[in-house]
Amino acid sequence: MPAKNHYAFVIDVTRCIDCRACLVACSVENNVPMDHTRIWVHDQGVQGIWPGLSRVFVPYNCMHCDYPPCTEVCVSGATYKDTASGLVLVDQEACIGCGYCVEACPYGVRYIDQKRGVVDKCNACVQRLQVGLQPACVATCVGKSRLFGDLNDPTSEVSIALRNAKSVTRLDYEKGEVDTDPNIYYLNLPETDSIQSSDPFGQVVQTSLPRDPHYTVSEQGWKKVAIPLMALACGGAFLVQAIFFTKQLLEGEKEFED
Amino acid sequence: MPKTVISRRDFLKLGGAAASVFAVGQFIPPPVAASAHQAGSLDDNGSGYICTICEMCVWRCGVRAKVVEERVVKLEGNPEHPHSHGRLCARGQSGLMNTYDPDRVLTPLIRVGKRGEGKFRQASWSEALDMVAENMLKIKSTYGPETMVFSSTHNLSQPLFENLLYGFGSPNYGTQRSLCFNAMIVANLITYGMEEPARDYSQLQYLILTGRNLTEAISTSETTDLVDSIARGAKVVYIDPRFTKTASKASEWLPIRPGTDLAFHLAMINVIISEKLYNQIFVEKYTLGFDQLTSIVSTFTPEWAANLTGLDADVIQRIAREFAAAAPYALAHNGWRTSNFINSFPTERAIAILNALVGNWGVTMFPSAGEGGGGLGSPPQPPYPRISAQRLDGVPWKYPFVPLKIGVFQQLRDSIVDEQPYPAHGWFISRQNPVLSLPDRKKTLEAFKKMDFIVTMDILMNDTGWFSDIVLPEASYLERYDPLVSMGDQIFIRQPVIEPQGEAKSALWVYKELGTRLGLADFFQYKDEEDYINQQLAPTGLSLDELRLHGSVKVPSTEETNIYQWSTPSGKIELFSDALQKENFDPIPVWQGPPQPKAGEFYLLTGKVGQHTQFGTQNNQLLHKYEDEPRLWMAADAAQNLGLKDGDMVEVTSPVGSVKVALEVTSAIRSDCVYLTPGFGHLSMALRTAYGVGASDSELHVTYTDPISGGQALSQTFVSVKKA
């Protein structure tokens, strides 16, 4: 059954200045432990030949996938796709902290809060949505790069932004049975080969954070999917560039509604 | 944590004792929550949003602070505030961590060890303030009031700070501004008769940013305006030896040779005049000295500038044409931290003139709304005593064009060391960290040795406090009232959203208490902070509660003023300045080549990152969490020549100092430059988050002062680099 709302992030990478206001806002709003983060700005580093240099910043967090691999592996049912909002949420009362979902997420956006013994990740600040506020990262975004809203509502800011976009990209992950259909829509993301790095977290997450910036690929069992976002983007296992233009998107939306 | 430092636990243990001793105040502000509840900001449970003003930098964004049971849990931008439009940068978002920093100084501290050892004992306010007053009065009676130096910068309690120093009878007023934007301020005063004209991005189509790294040196609303303009299709030309984040957003990046921005802008003027691309009607009607300008700049051709700047002549020519064609929807931004070389003043003059030539006044540039006004009152006070002593910082006797309230801070420090024209004996420092901000840190510590007495007021044990005799704990910006500020037709309030931590007190309270002990009670005629604000509000008829609830109120706007009048001697925009000529300075900017590094040396560049403000935020754990490790940038070919690789520890040596820091090999910088993030390399071991992180740029910076604006030439230090 389609969700009542179809919440999604729309992120214009040309507007992201990597100021990290979103990161701090998220940390404060959600009491994220000092050694963890729920959201990132991926920095591909300075590219090109002097003086024709370029640098692109790609903010990301939980993609709130339509088909999230994390819910499949959750043994307690704590991680679920919320039918009302379309968000992927964690019921931390039910979570036993086994960490399967952390490994299952192809985007590496979940962490175990050791103190509480539960898994945590972006929940689109549901506590704010409930009182009519935007997620903390969106509300404070200095470059207005981050937008959030309901794609089922054609008058929402996100729907309008997608309709007017020159290019829309999703970082879709497809491998074997898995096809995530993520709900972060990137506007103006450059071509695939310019977004490549084996070190997707290096620029943003400090060494004091437990997440090893030099991610290694595990080959054991279902952990095969535990591969970082950008590393695979250049490796080719992602069906990365689901680039579709406004018209195609609208057609897609139509299909979805039907 | 070093044993010499008093731990937070010790502080807490002493909290009760200190509280019982604490009876010095004639007033205790009513509990914050009660006032906020009365104003309608908090509900019956003490939860809700309180509006105030950010102080994580000097931009002063409007803030809505979410308070739950007397704790501030989240900060939001105030949508009604013109500087935030509902958004806060990383620093603004992290502000509550400054207040809840475990390293906060929570009681007055009196030094018990040697200076710089970090050994202090706790004291009551009455003991500490008595001791401060006693020392200041002793210095006054023994050596004269002018031997007491006062320094503080750009904060809302500045008028009361000025009462303290001028009431005391000292002319020696240090601000940080000569380490920042003196060149821009003085150039605008000469050209436009105002410190900094306002910029308007709403119709902007063409922007030249000369080192104005707006996406990292963030002024929230202006940064948003820039990103909006780019998204709208405005062309942005960004000039900087570094490929900064702003460069990555610009339409065109010009990696200019450091110190040659003046040549670029003179060539721009040359093209615009020689090709008659200027706005003839505007120039004739509103400017002075066009003919002299024309003859002076005739030799500054793009070909001439190409040799100096390392840019192509045809690129300079094209940009000049594009800029003029886009006018009046064009703007050459005058920058922010503009004091880079001793030729920064003529550079800023050239930028100011470039704008005037294309007639963008009233379209992308306007008179600054300015602070002050708004019909606010103030408590009565007597005139200041007559002060006849010369200022140690050379204003105006050595630097005639530098405003008194801005000063030349590095000269003040040098005069203290040289004891010329007279020695100084005491230093009162409020919310400032000269040990890290002034160039040549060793020399600043030398100046400290000349002092009989140093007192520092701050929320943390900053590096200056670490070398002080007494440290006074100020309430953070979320814990205190400051005097109201008006901007345009709006009045804004900074008000406490929670009670102060420990025994921290507002500057309004401290200055009054100290002033009273110094016999200056007449300069502080207010009962408490609210009384001060009520006296400000009295002539407006506005209520404090209304202001408290909304954070700002609109006052009836004053009558329309003619924007085509400038407060210059001629009343016009002065391309030619008679005032400069009278002091034997060039009345029209001409090329002055700054010194260049010798072979094997690099320009040492500094410049902000989006997560920190100057020297005061490095201990904030939330910013530390998301900051980049502050490393020394070096171009790949330069590193290869020196046999260095990414991550190596290197020793950086300047004529005045040496630091060790990790190397970052990058393609984002010219081969003749290195870059160091400023504000790190703290000396205070009480800053447990920041201590040991990065290296200090002030340890390396050589003191060079621009003779006209008094600005410290912050990029004129040359360093050598070798493997540590």
# chains A, B, ... in the order shown; residues from 1 in each chain; ligands from 1
>>> select_by_dssp(residues="segment 146-182 of chain A", states="strand (DSSP E)", output="number ranges by chain")
A: 146-150, 168-169, 174-175, 178-179
>>> interface_residues(of="chain B", to="chain A", cutoff="6 Å", atoms="only C-alpha atoms", output="ChimeraX atom specification")
/B:87-90,93,215,224,227,248,610
>>> atom_distance(atom1="atom CA of Thr180 of chain A", atom2="atom CA of Met63 of chain A")
8.8 Å
>>> select_by_dssp(residues="segment 148-242 of chain B", states="alpha helix (DSSP H)", output="PyMOL selection string")
chain B and resi 158-168+182-192+220-232
>>> residues_around(residues="Lys121 of chain A", least_positions_apart="6", cutoff="7 Å", atoms="only C-alpha atoms", output="VMD selection string")
chain A and resid 38 62 109 to 111
